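Visitor: So that you have it, the file is entry-v2.cif, and it contains mmCIF, C-alpha atoms:
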```cif
data_input
loop_
_atom_site.label_atom_id
_atom_site.label_comp_id
_atom_site.auth_asym_id
_atom_site.auth_seq_id
_atom_site.Cartn_x
_atom_site.Cartn_y
_atom_site.Cartn_z
CA MET V 1 -20.77 36.54 19.44
CA SER V 2 -17.45 38.35 19.86
CA ASN V 3 -14.04 36.81 19.17
CA SER V 4 -13.37 36.64 22.89
CA GLY V 5 -16.67 34.78 23.28
CA PHE V 6 -15.62 32.26 20.63
CA GLN V 7 -12.26 31.78 22.34
CA ASN V 8 -13.86 31.28 25.77
CA SER V 9 -16.36 28.80 24.31
CA ASP V 10 -13.63 26.95 22.46
CA LEU V 11 -11.49 26.79 25.60
CA ALA V 12 -14.39 25.46 27.66
CA VAL V 13 -15.11 22.70 25.13
CA SER V 14 -11.41 21.89 24.87
CA ASN V 15 -11.19 21.49 28.66
CA VAL V 16 -14.19 19.16 28.71
CA PHE V 17 -12.78 16.88 26.02
CA ARG V 18 -9.12 17.11 26.91
CA THR V 19 -7.42 13.73 26.72
CA SER V 20 -5.76 12.78 29.99
CA PHE V 21 -2.04 12.05 30.00
CA VAL V 22 -2.75 8.51 31.25
CA LEU V 23 -5.08 7.82 28.30
CA LYS V 24 -2.50 9.14 25.84
CA LEU V 25 0.21 7.02 27.42
CA ILE V 26 -1.90 3.84 27.48
CA SER V 27 -2.95 4.32 23.84
CA ILE V 28 0.62 4.84 22.65
CA ILE V 29 1.99 1.90 24.69
CA MET V 30 -0.78 -0.39 23.40
CA VAL V 31 -0.13 0.49 19.75
CA LEU V 32 3.66 0.20 20.14
CA SER V 33 3.23 -3.21 21.84
CA ILE V 34 1.10 -4.46 18.94
CA MET V 35 3.65 -3.19 16.41
CA PHE V 36 6.55 -4.77 18.28
CA SER V 37 4.66 -8.09 18.47
CA ALA V 38 4.13 -7.96 14.70
CA LEU V 39 7.91 -7.72 14.23
CA LEU V 40 8.39 -10.93 16.22
CA ILE V 41 5.84 -13.07 14.41
CA GLY V 42 6.74 -14.86 11.22
CA VAL V 43 7.96 -18.09 9.68
CA VAL V 44 11.53 -17.26 10.73
CA PRO V 45 11.76 -16.62 14.51
CA ILE V 46 13.83 -13.58 15.50
CA SER V 47 15.02 -12.78 19.00
CA SER V 48 12.94 -10.10 20.71
CA ILE V 49 16.08 -8.70 22.38
CA GLY V 50 17.78 -8.55 19.00
CA ILE V 51 14.85 -6.64 17.48
CA LEU V 52 14.76 -4.25 20.45
CA TYR V 53 18.49 -3.57 20.12
CA GLU V 54 18.13 -2.94 16.38
CA ILE V 55 15.34 -0.43 16.99
CA LEU V 56 17.32 1.32 19.73
CA ASN V 57 20.29 1.55 17.37
CA ILE V 58 18.24 4.02 15.31
CA LEU V 59 18.68 6.54 18.12
CA PRO V 60 21.72 8.81 17.91
CA LEU V 61 24.73 7.88 20.06
CA VAL V 62 23.29 4.39 20.71
CA THR V 63 25.29 1.37 19.58
CA LEU V 64 24.13 -2.06 20.74
CA GLU V 65 25.17 -5.47 19.46
CA SER V 66 21.98 -7.26 18.42
CA GLU V 67 23.72 -10.49 17.31
CA LEU V 68 21.16 -10.96 14.52
CA THR V 69 22.37 -12.79 11.44
CA GLU V 70 22.53 -11.08 8.06
CA MET V 71 19.44 -12.98 6.92
CA GLU V 72 17.51 -11.95 10.04
CA LEU V 73 18.46 -8.32 9.49
CA VAL V 74 17.18 -8.47 5.91
CA ILE V 75 13.90 -10.04 7.06
CA LEU V 76 13.50 -7.43 9.80
CA TRP V 77 14.35 -4.27 7.86
CA GLN V 78 13.27 -5.18 4.33
CA TRP V 79 10.11 -7.18 5.03
CA ARG V 80 8.62 -7.09 8.53
CA PHE V 81 9.35 -3.50 9.51
CA PRO V 82 8.04 -2.00 6.22
CA ARG V 83 4.96 -4.22 6.44
CA VAL V 84 4.16 -3.10 9.98
CA ILE V 85 4.61 0.58 9.06
CA LEU V 86 2.49 0.09 5.92
CA ALA V 87 -0.28 -1.58 7.95
CA PHE V 88 -0.21 1.29 10.44
CA PHE V 89 -0.52 3.99 7.77
CA VAL V 90 -3.26 2.15 5.86
CA GLY V 91 -5.25 1.45 9.03
CA ALA V 92 -4.82 5.00 10.32
CA SER V 93 -5.81 6.49 6.94
CA LEU V 94 -8.94 4.35 6.61
CA ALA V 95 -9.98 4.95 10.24
CA VAL V 96 -9.56 8.71 10.20
CA SER V 97 -11.25 9.04 6.80
CA GLY V 98 -14.13 6.96 8.16
CA ALA V 99 -14.37 9.32 11.12
CA GLY V 100 -14.42 12.27 8.74
CA PHE V 101 -17.17 10.81 6.55
CA GLN V 102 -19.24 9.91 9.62
CA GLY V 103 -18.90 13.49 10.80
CA ILE V 104 -19.97 15.24 7.61
CA PHE V 105 -22.81 12.80 6.90
CA ARG V 106 -23.86 12.50 10.57
CA ASN V 107 -24.12 8.76 10.03
CA PRO V 108 -22.24 6.11 12.09
CA LEU V 109 -22.42 3.68 9.14
CA ALA V 110 -20.53 5.97 6.77
CA ASP V 111 -17.14 4.57 5.76
CA PRO V 112 -14.19 5.49 3.49
CA PHE V 113 -15.70 3.66 0.53
CA LEU V 114 -18.95 5.59 0.83
CA LEU V 115 -18.67 7.74 -2.30
CA GLY V 116 -17.75 4.94 -4.69
CA ALA V 117 -14.02 5.02 -3.91
CA ALA V 118 -13.85 1.22 -3.59
CA ALA V 119 -15.61 0.65 -6.89
CA GLY V 120 -13.42 3.24 -8.61
CA ALA V 121 -10.25 1.73 -7.18
CA GLY V 122 -11.38 -1.74 -8.22
CA LEU V 123 -12.08 -0.59 -11.78
CA GLY V 124 -8.76 1.26 -12.05
CA ALA V 125 -6.77 -1.68 -10.69
CA THR V 126 -8.64 -4.18 -12.87
CA PHE V 127 -7.95 -2.14 -16.00
CA ALA V 128 -4.25 -1.91 -15.05
CA MET V 129 -3.96 -5.67 -14.47
CA VAL V 130 -5.51 -6.67 -17.78
CA SER V 131 -3.55 -4.07 -19.77
CA LYS V 132 -0.21 -5.75 -18.87
CA ILE V 133 1.66 -2.47 -19.40
CA GLU V 134 4.88 -1.98 -17.42
CA PHE V 135 4.78 1.39 -15.69
CA VAL V 136 6.54 2.84 -12.66
CA PHE V 137 6.29 6.48 -11.60
CA PHE V 138 7.50 7.72 -8.20
CA ASN V 139 7.19 4.22 -6.72
CA PHE V 140 3.69 3.80 -8.20
CA ASP V 141 3.31 0.76 -10.42
CA LEU V 142 0.44 0.75 -12.91
CA VAL V 143 -1.93 -1.13 -10.58
CA SER V 144 -1.37 1.32 -7.73
CA PHE V 145 -1.67 4.27 -10.09
CA GLY V 146 -4.89 2.87 -11.58
CA ALA V 147 -6.40 2.23 -8.14
CA PHE V 148 -5.45 5.70 -6.91
CA GLY V 149 -6.83 7.42 -10.00
CA GLY V 150 -9.97 5.31 -9.98
CA ALA V 151 -10.76 5.97 -6.32
CA LEU V 152 -10.14 9.69 -6.63
CA GLY V 153 -12.05 9.93 -9.91
CA ALA V 154 -15.04 8.03 -8.54
CA THR V 155 -15.21 10.28 -5.48
CA CYS V 156 -15.05 13.42 -7.65
CA LEU V 157 -17.82 12.04 -9.88
CA ALA V 158 -20.04 11.23 -6.89
CA VAL V 159 -19.45 14.68 -5.38
CA PHE V 160 -20.25 16.35 -8.73
CA VAL V 161 -23.51 14.40 -9.09
CA GLY V 162 -24.37 15.04 -5.43
CA ARG V 163 -23.80 18.78 -5.76
CA ALA V 164 -25.89 18.89 -8.95
CA ALA V 165 -28.66 17.15 -6.96
CA GLY V 166 -28.57 19.74 -4.17
CA ASN V 167 -25.39 19.03 -2.16
CA ALA V 168 -27.38 17.60 0.77
CA PRO V 169 -25.83 14.67 2.69
CA ALA V 170 -28.56 12.31 1.43
CA ALA V 171 -27.91 13.41 -2.17
CA LEU V 172 -24.18 12.69 -1.80
CA LEU V 173 -24.91 9.26 -0.31
CA LEU V 174 -27.22 8.32 -3.17
CA ALA V 175 -24.76 9.70 -5.71
CA GLY V 176 -22.09 7.45 -4.19
CA VAL V 177 -24.36 4.41 -4.44
CA ALA V 178 -25.16 5.16 -8.09
CA THR V 179 -21.49 5.76 -8.94
CA ALA V 180 -20.41 2.55 -7.22
CA ALA V 181 -23.07 0.50 -9.03
CA PHE V 182 -22.04 1.85 -12.45
CA LEU V 183 -18.29 1.39 -11.89
CA THR V 184 -18.78 -2.13 -10.46
CA ALA V 185 -20.70 -3.07 -13.60
CA CYS V 186 -17.83 -1.76 -15.74
CA GLN V 187 -15.33 -3.75 -13.67
CA THR V 188 -17.38 -6.93 -13.95
CA TYR V 189 -17.51 -6.55 -17.73
CA ILE V 190 -13.71 -6.18 -17.94
CA MET V 191 -13.20 -9.21 -15.67
CA GLN V 192 -15.50 -11.35 -17.79
CA ARG V 193 -13.55 -10.35 -20.90
CA ASN V 194 -10.21 -11.25 -19.26
CA LEU V 195 -10.72 -14.50 -17.36
CA MET V 196 -6.98 -15.26 -17.36
CA SER V 197 -6.37 -12.34 -14.97
CA LEU V 198 -9.28 -13.20 -12.68
CA GLN V 199 -7.21 -14.69 -9.85
CA GLU V 200 -4.83 -11.71 -9.75
CA ILE V 201 -7.76 -9.27 -9.71
CA TYR V 202 -9.57 -11.21 -7.00
CA GLY V 203 -6.44 -11.30 -4.82
CA TRP V 204 -6.19 -7.50 -5.02
CA LEU V 205 -9.90 -6.91 -4.39
CA ILE V 206 -9.94 -8.76 -1.07
CA GLY V 207 -7.03 -6.72 0.27
CA ARG V 208 -3.40 -7.54 0.96
CA LEU V 209 -0.38 -6.05 2.65
CA SER V 210 2.67 -6.94 0.62
CA THR V 211 5.72 -4.74 0.43
CA SER V 212 8.81 -4.51 -1.72
CA GLY V 213 10.97 -2.83 0.87
CA TRP V 214 10.13 0.76 1.72
CA ASN V 215 8.68 1.84 -1.63
CA GLU V 216 5.04 1.67 -0.50
CA ILE V 217 5.84 3.62 2.66
CA LEU V 218 7.35 6.42 0.57
CA VAL V 219 4.13 6.47 -1.46
CA ILE V 220 1.56 6.53 1.33
CA ALA V 221 3.31 8.37 4.18
CA PRO V 222 3.42 11.95 2.78
CA TYR V 223 -0.21 11.93 1.63
CA SER V 224 -1.41 10.33 4.87
CA VAL V 225 0.37 12.88 7.05
CA VAL V 226 -1.15 15.74 5.02
CA GLY V 227 -4.63 14.17 5.34
CA PHE V 228 -4.22 13.66 9.09
CA PHE V 229 -3.15 17.28 9.50
CA ILE V 230 -6.13 18.61 7.53
CA LEU V 231 -8.66 16.62 9.54
CA PHE V 232 -6.99 17.51 12.83
CA LEU V 233 -7.15 21.21 11.93
CA HIS V 234 -10.90 20.85 11.28
CA ARG V 235 -11.73 18.90 14.44
CA ARG V 236 -13.72 21.84 15.90
CA GLU V 237 -15.60 22.31 12.61
CA LEU V 238 -16.52 18.61 12.64
CA ASP V 239 -17.93 19.02 16.13
CA LEU V 240 -20.05 21.93 14.92
CA LEU V 241 -21.45 19.79 12.08
CA ARG V 242 -23.32 17.78 14.72
CA LEU V 243 -25.54 20.85 15.07
CA SER V 244 -27.91 22.26 12.47
CA GLU V 245 -26.38 24.38 9.73
CA GLU V 246 -27.85 27.56 11.23
CA GLU V 247 -26.44 26.77 14.68
CA ALA V 248 -23.03 25.93 13.22
CA LEU V 249 -22.97 29.24 11.33
CA SER V 250 -23.99 31.19 14.45
CA LEU V 251 -21.06 29.62 16.35
CA GLY V 252 -18.54 30.65 13.71
CA GLY V 253 -18.51 27.45 11.67
CA HIS V 254 -18.39 27.12 7.88
CA PRO V 255 -20.40 23.93 7.16
CA LYS V 256 -20.29 23.99 3.33
CA ARG V 257 -16.58 24.75 3.15
CA THR V 258 -15.84 22.17 5.82
CA ARG V 259 -17.75 19.43 3.97
CA ILE V 260 -15.83 20.09 0.75
CA ILE V 261 -12.43 20.11 2.48
CA ILE V 262 -13.17 16.97 4.52
CA ILE V 263 -14.51 15.07 1.50
CA ILE V 264 -11.36 15.91 -0.50
CA ALA V 265 -9.03 14.98 2.39
CA CYS V 266 -10.89 11.70 3.12
CA ALA V 267 -11.02 10.80 -0.58
CA LEU V 268 -7.27 11.35 -0.83
CA LEU V 269 -6.63 9.17 2.24
CA THR V 270 -8.88 6.43 0.89
CA ALA V 271 -7.41 6.55 -2.60
CA ILE V 272 -3.80 6.38 -1.45
CA SER V 273 -4.63 3.53 0.97
CA VAL V 274 -6.37 1.31 -1.57
CA SER V 275 -3.65 2.02 -4.14
CA VAL V 276 -1.07 0.22 -1.97
CA SER V 277 -3.21 -2.34 -0.11
CA GLY V 278 -6.28 -3.20 -2.14
CA LEU V 279 -9.75 -3.06 -0.66
CA ILE V 280 -9.68 -3.49 3.13
CA ALA V 281 -13.20 -2.97 4.37
CA PHE V 282 -14.78 -2.04 7.72
CA VAL V 283 -11.74 -0.41 9.36
CA GLY V 284 -13.35 2.99 8.85
CA ILE V 285 -16.54 1.83 10.59
CA ILE V 286 -15.18 -0.24 13.47
CA VAL V 287 -12.46 2.04 14.82
CA PRO V 288 -14.21 5.46 14.92
CA HIS V 289 -17.39 3.93 16.28
CA LEU V 290 -15.59 2.11 19.10
CA ILE V 291 -13.75 5.32 19.98
CA ARG V 292 -17.05 7.21 19.97
CA LEU V 293 -18.66 4.66 22.29
CA SER V 294 -15.66 4.52 24.63
CA PHE V 295 -14.40 8.11 24.80
CA GLY V 296 -17.17 10.41 23.62
CA TYR V 297 -18.35 12.20 20.52
CA SER V 298 -15.88 15.08 20.25
CA TYR V 299 -13.62 15.05 17.21
CA ARG V 300 -10.90 16.51 19.40
CA LEU V 301 -10.57 12.93 20.64
CA ILE V 302 -11.89 10.95 17.68
CA ILE V 303 -9.35 12.24 15.12
CA PRO V 304 -6.08 11.57 17.03
CA LEU V 305 -7.37 8.32 18.55
CA SER V 306 -8.55 7.12 15.12
CA ILE V 307 -5.01 7.56 13.82
CA LEU V 308 -3.53 5.59 16.71
CA MET V 309 -6.20 2.92 17.06
CA GLY V 310 -6.77 2.52 13.33
CA GLY V 311 -3.09 1.85 12.75
CA GLY V 312 -2.89 -0.52 15.71
CA PHE V 313 -6.06 -2.36 14.66
CA LEU V 314 -4.79 -3.13 11.16
CA VAL V 315 -1.39 -4.23 12.46
CA LEU V 316 -3.21 -6.59 14.83
CA ALA V 317 -5.42 -7.87 11.99
CA ASP V 318 -2.27 -8.49 9.95
CA ILE V 319 -0.86 -10.60 12.78
CA PHE V 320 -3.97 -12.79 12.67
CA ALA V 321 -3.74 -12.97 8.87
CA ARG V 322 -0.21 -14.34 9.17
CA VAL V 323 -0.74 -16.86 12.00
CA LEU V 324 -4.22 -18.37 11.52
CA VAL V 325 -3.25 -20.60 8.59
CA ALA V 326 0.56 -20.44 8.92
CA PRO V 327 2.78 -21.00 7.01
CA ALA V 328 0.20 -19.81 4.47
CA GLU V 329 -1.33 -16.36 4.80
CA LEU V 330 -4.90 -15.11 4.76
CA PRO V 331 -5.71 -11.89 2.89
CA ILE V 332 -6.07 -9.17 5.52
CA GLY V 333 -9.35 -8.10 3.94
CA VAL V 334 -10.82 -11.44 5.02
CA ILE V 335 -9.88 -10.74 8.66
CA THR V 336 -11.32 -7.23 8.70
CA ALA V 337 -14.51 -8.40 6.95
CA PHE V 338 -14.89 -11.28 9.42
CA LEU V 339 -14.68 -8.80 12.32
CA GLY V 340 -16.44 -5.92 10.64
CA ALA V 341 -19.54 -7.48 9.09
CA PRO V 342 -21.09 -8.60 12.43
CA PHE V 343 -20.10 -5.25 13.98
CA PHE V 344 -21.76 -3.41 11.08
CA ALA V 345 -24.94 -5.43 11.57
CA LEU V 346 -24.90 -4.72 15.31
CA ILE V 347 -24.57 -0.96 14.74
CA LEU V 348 -27.38 -1.11 12.20
CA ILE V 349 -29.70 -2.84 14.69
CA LEU V 350 -28.80 -0.52 17.58
CA SER V 351 -29.23 2.54 15.35
CA ARG V 352 -32.75 1.58 14.26
CA GLY V 353 -34.73 4.69 13.43
CA LYS V 354 -31.71 6.99 13.89
CA ILE V 355 -29.96 6.65 10.54
#
```
Let me see the file written as structure tokens.
Guide:
Amino acid sequence: MSNSGFQNSDLAVSNVFRTSFVLKLISIIMVLSIMFSALLIGVVPISSIGILYEILNILPLVTLESELTEMELVILWQWRFPRVILAFFVGASLAVSGAGFQGIFRNPLADPFLLGAAAGAGLGATFAMVSKIEFVFFNFDLVSFGAFGGALGATCLAVFVGRAAGNAPAALLLAGVATAAFLTACQTYIMQRNLMSLQEIYGWLIGRLSTSGWNEILVIAPYSVVGFFILFLHRRELDLLRLSEEEALSLGGHPKRTRIIIIIACALLTAISVSVSGLIAFVGIIVPHLIRLSFGYSYRLIIPLSILMGGGFLVLADIFARVLVAPAELPIGVITAFLGAPFFALILILSRGKI
């Protein structure tokens, strides 16, 4: 097929799956409404008008008197706002990496922790917690650094084993299962040898969104934006992976190269997310699958909507985590697991014979 043929085909597909302006507007308004609601909710009530004025004051040439007290300003800008932004980036990263994994494995049950990333992050964080070494590097403390290195290392190990076994999607899946089982056993051994740190380790493993100002945002934001950009650039290639390898090649795709790039990008997104938030499960399954059911199967829609909806979903889950047992707080991983486990089972039943 000539280059002009590829361009005409690409334009035709793009027109079919083009997102309407109304859909874009509704999605953005919905996510912004959730994020604004999260700024309002907390033990200390803050005026909604005051928060709105403070946000508008960010704009150039805008000066509004919010009448918030000094304490309210500290709560807003040093606790609630960073937490909302952190939740958005973590949720968006997990959702879009889940979409990427589902695309390359052609499996709606694939998620960001597929290739042993969760087990690797858990082992790295556990080792950091029991070592009691003080370490800070570019806003990474030792626990975050251990979780990041563990998740990335586990994914690389699973990919290496999968490629040695033939590089087929099934081989990579099984390599991830084997890697996760081995690393979980190592983590369990360390936990049993360090019972005094068990509560701290458990609190990290079930996921949490705690911030110390804007440090975590500075850690996750650059990597997340790079990951989003890579997946968005490969949205057409991900669509082609729904076909057989021969068909994808005949249409100008590069299946093997695409799988490697997407795995690396999704592993990076997963690793950086778990390094700052712990293990928050099911976001990468729920969000892309709901988008697929509601808006279609093209990654031209799935990738950008996963970023928006994934971020909004985790911010909403964080609201529930803060209000259900207020003034105490549930780990956000409990909320996502409570919502995600039944959804996972439903997908599994509906996908009988197709997975």
Visitor: Which is closer to Tyr299 (chain V) than all the others in V:Ile206, V:Ile104, V:Leu32, V:Val177, using only C-alpha atoms?
Guide: V:Ile104
Visitor: Using all atoms listed in the file, which of the listed residues (V:Gly166, V:Gly116, V:Pro327, V:Gly310) sits closest to Ala87 (chain V)?
Guide: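 So, comparing all the options, the nearest one is V:Gly310.
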Visitor: Hey, can you check how far CA of Gly120 (chain V) sits from CA of Ile85 (chain V)?
Guide: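 So the answer is 25.4 Å.
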Visitor: Mind telling me what the PyMOL selection byres ((chain V and resi 68) around 9) catches here, as a compact mmCIF listing (two decimals) with C-alpha atoms, in the frame of the given file?
Guide:
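Saved the output as expr-v2.txt:
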```txt
# COMPACT_ATOMS: atom_id res chain seq x y z
CA ILE V 46 13.83 -13.58 15.50
CA SER V 47 15.02 -12.78 19.00
CA GLY V 50 17.78 -8.55 19.00
CA ILE V 51 14.85 -6.64 17.48
CA GLU V 54 18.13 -2.94 16.38
CA GLU V 65 25.17 -5.47 19.46
CA SER V 66 21.98 -7.26 18.42
CA GLU V 67 23.72 -10.49 17.31
CA THR V 69 22.37 -12.79 11.44
CA GLU V 70 22.53 -11.08 8.06
CA MET V 71 19.44 -12.98 6.92
CA GLU V 72 17.51 -11.95 10.04
CA LEU V 73 18.46 -8.32 9.49
```
Visitor: Measure the distance from CA of Leu115 (chain V) to CA of Val84 (chain V) in Å and round it to one decimal.
Guide: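 Those two atoms sit 28.1 Å apart.
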Visitor: Counting all atoms listed in the file, which of V:Ala170, V:Leu218, V:Leu316, V:Met129 gets nearest to Ser33 (chain V)?
Guide: V:Leu316
Visitor: Please report the interatomic distance between CA of Ile75 (chain V) and CA of Ile220 (chain V) in Å with one decimal.
Guide: 21.4 Å
Visitor: Is it possible to add N, CA and C atoms to region 69-100 of chain V and hand it back as a short mmCIF file (atom, residue, chain, number, x, y, z; two decimals), in the frame of the given file?
Guide:
```
data_model
loop_
_atom_site.label_atom_id
_atom_site.label_comp_id
_atom_site.auth_asym_id
_atom_site.auth_seq_id
_atom_site.Cartn_x
_atom_site.Cartn_y
_atom_site.Cartn_z
N THR V 69 21.65 -12.41 12.64
CA THR V 69 22.37 -12.79 11.44
C THR V 69 22.02 -11.85 10.29
N GLU V 70 22.79 -11.94 9.22
CA GLU V 70 22.53 -11.08 8.06
C GLU V 70 21.15 -11.35 7.47
N MET V 71 20.76 -12.63 7.44
CA MET V 71 19.44 -12.98 6.92
C MET V 71 18.34 -12.41 7.80
N GLU V 72 18.50 -12.49 9.12
CA GLU V 72 17.51 -11.95 10.04
C GLU V 72 17.38 -10.43 9.91
N LEU V 73 18.50 -9.77 9.67
CA LEU V 73 18.46 -8.32 9.49
C LEU V 73 17.70 -7.94 8.22
N VAL V 74 17.90 -8.72 7.16
CA VAL V 74 17.18 -8.47 5.91
C VAL V 74 15.69 -8.68 6.12
N ILE V 75 15.32 -9.76 6.79
CA ILE V 75 13.90 -10.04 7.06
C ILE V 75 13.29 -8.91 7.90
N LEU V 76 14.03 -8.47 8.91
CA LEU V 76 13.50 -7.43 9.80
C LEU V 76 13.33 -6.10 9.08
N TRP V 77 14.36 -5.64 8.38
CA TRP V 77 14.35 -4.27 7.86
C TRP V 77 13.77 -4.16 6.45
N GLN V 78 13.78 -5.25 5.70
CA GLN V 78 13.27 -5.18 4.33
C GLN V 78 11.91 -5.84 4.14
N TRP V 79 11.42 -6.54 5.17
CA TRP V 79 10.11 -7.18 5.03
C TRP V 79 9.19 -6.85 6.19
N ARG V 80 9.55 -7.25 7.40
CA ARG V 80 8.62 -7.09 8.53
C ARG V 80 8.42 -5.63 8.93
N PHE V 81 9.49 -4.89 9.06
CA PHE V 81 9.35 -3.50 9.51
C PHE V 81 8.54 -2.68 8.50
N PRO V 82 8.87 -2.74 7.18
CA PRO V 82 8.04 -2.00 6.22
C PRO V 82 6.58 -2.44 6.23
N ARG V 83 6.34 -3.74 6.43
CA ARG V 83 4.96 -4.22 6.44
C ARG V 83 4.18 -3.68 7.63
N VAL V 84 4.81 -3.63 8.79
CA VAL V 84 4.16 -3.10 9.98
C VAL V 84 3.86 -1.61 9.80
N ILE V 85 4.82 -0.86 9.28
CA ILE V 85 4.61 0.58 9.06
C ILE V 85 3.52 0.80 8.02
N LEU V 86 3.52 -0.02 6.95
CA LEU V 86 2.49 0.09 5.92
C LEU V 86 1.11 -0.19 6.51
N ALA V 87 1.00 -1.25 7.32
CA ALA V 87 -0.28 -1.58 7.95
C ALA V 87 -0.75 -0.43 8.84
N PHE V 88 0.17 0.18 9.57
CA PHE V 88 -0.21 1.29 10.44
C PHE V 88 -0.76 2.46 9.62
N PHE V 89 -0.07 2.85 8.57
CA PHE V 89 -0.52 3.99 7.77
C PHE V 89 -1.84 3.70 7.07
N VAL V 90 -2.00 2.49 6.53
CA VAL V 90 -3.26 2.15 5.86
C VAL V 90 -4.41 2.15 6.86
N GLY V 91 -4.20 1.49 8.01
CA GLY V 91 -5.25 1.45 9.03
C GLY V 91 -5.59 2.82 9.55
N ALA V 92 -4.58 3.64 9.82
CA ALA V 92 -4.82 5.00 10.32
C ALA V 92 -5.56 5.84 9.28
N SER V 93 -5.18 5.71 8.01
CA SER V 93 -5.81 6.49 6.94
C SER V 93 -7.28 6.10 6.78
N LEU V 94 -7.55 4.80 6.78
CA LEU V 94 -8.94 4.35 6.61
C LEU V 94 -9.79 4.74 7.82
N ALA V 95 -9.22 4.62 9.02
CA ALA V 95 -9.98 4.95 10.24
C ALA V 95 -10.31 6.43 10.32
N VAL V 96 -9.31 7.28 10.06
CA VAL V 96 -9.56 8.71 10.20
C VAL V 96 -10.44 9.22 9.07
N SER V 97 -10.34 8.63 7.88
CA SER V 97 -11.25 9.04 6.80
C SER V 97 -12.67 8.57 7.10
N GLY V 98 -12.81 7.40 7.73
CA GLY V 98 -14.13 6.96 8.16
C GLY V 98 -14.72 7.90 9.18
N ALA V 99 -13.90 8.35 10.12
CA ALA V 99 -14.37 9.32 11.12
C ALA V 99 -14.82 10.61 10.45
N GLY V 100 -14.05 11.05 9.45
CA GLY V 100 -14.42 12.27 8.74
C GLY V 100 -15.73 12.14 7.99
#
```
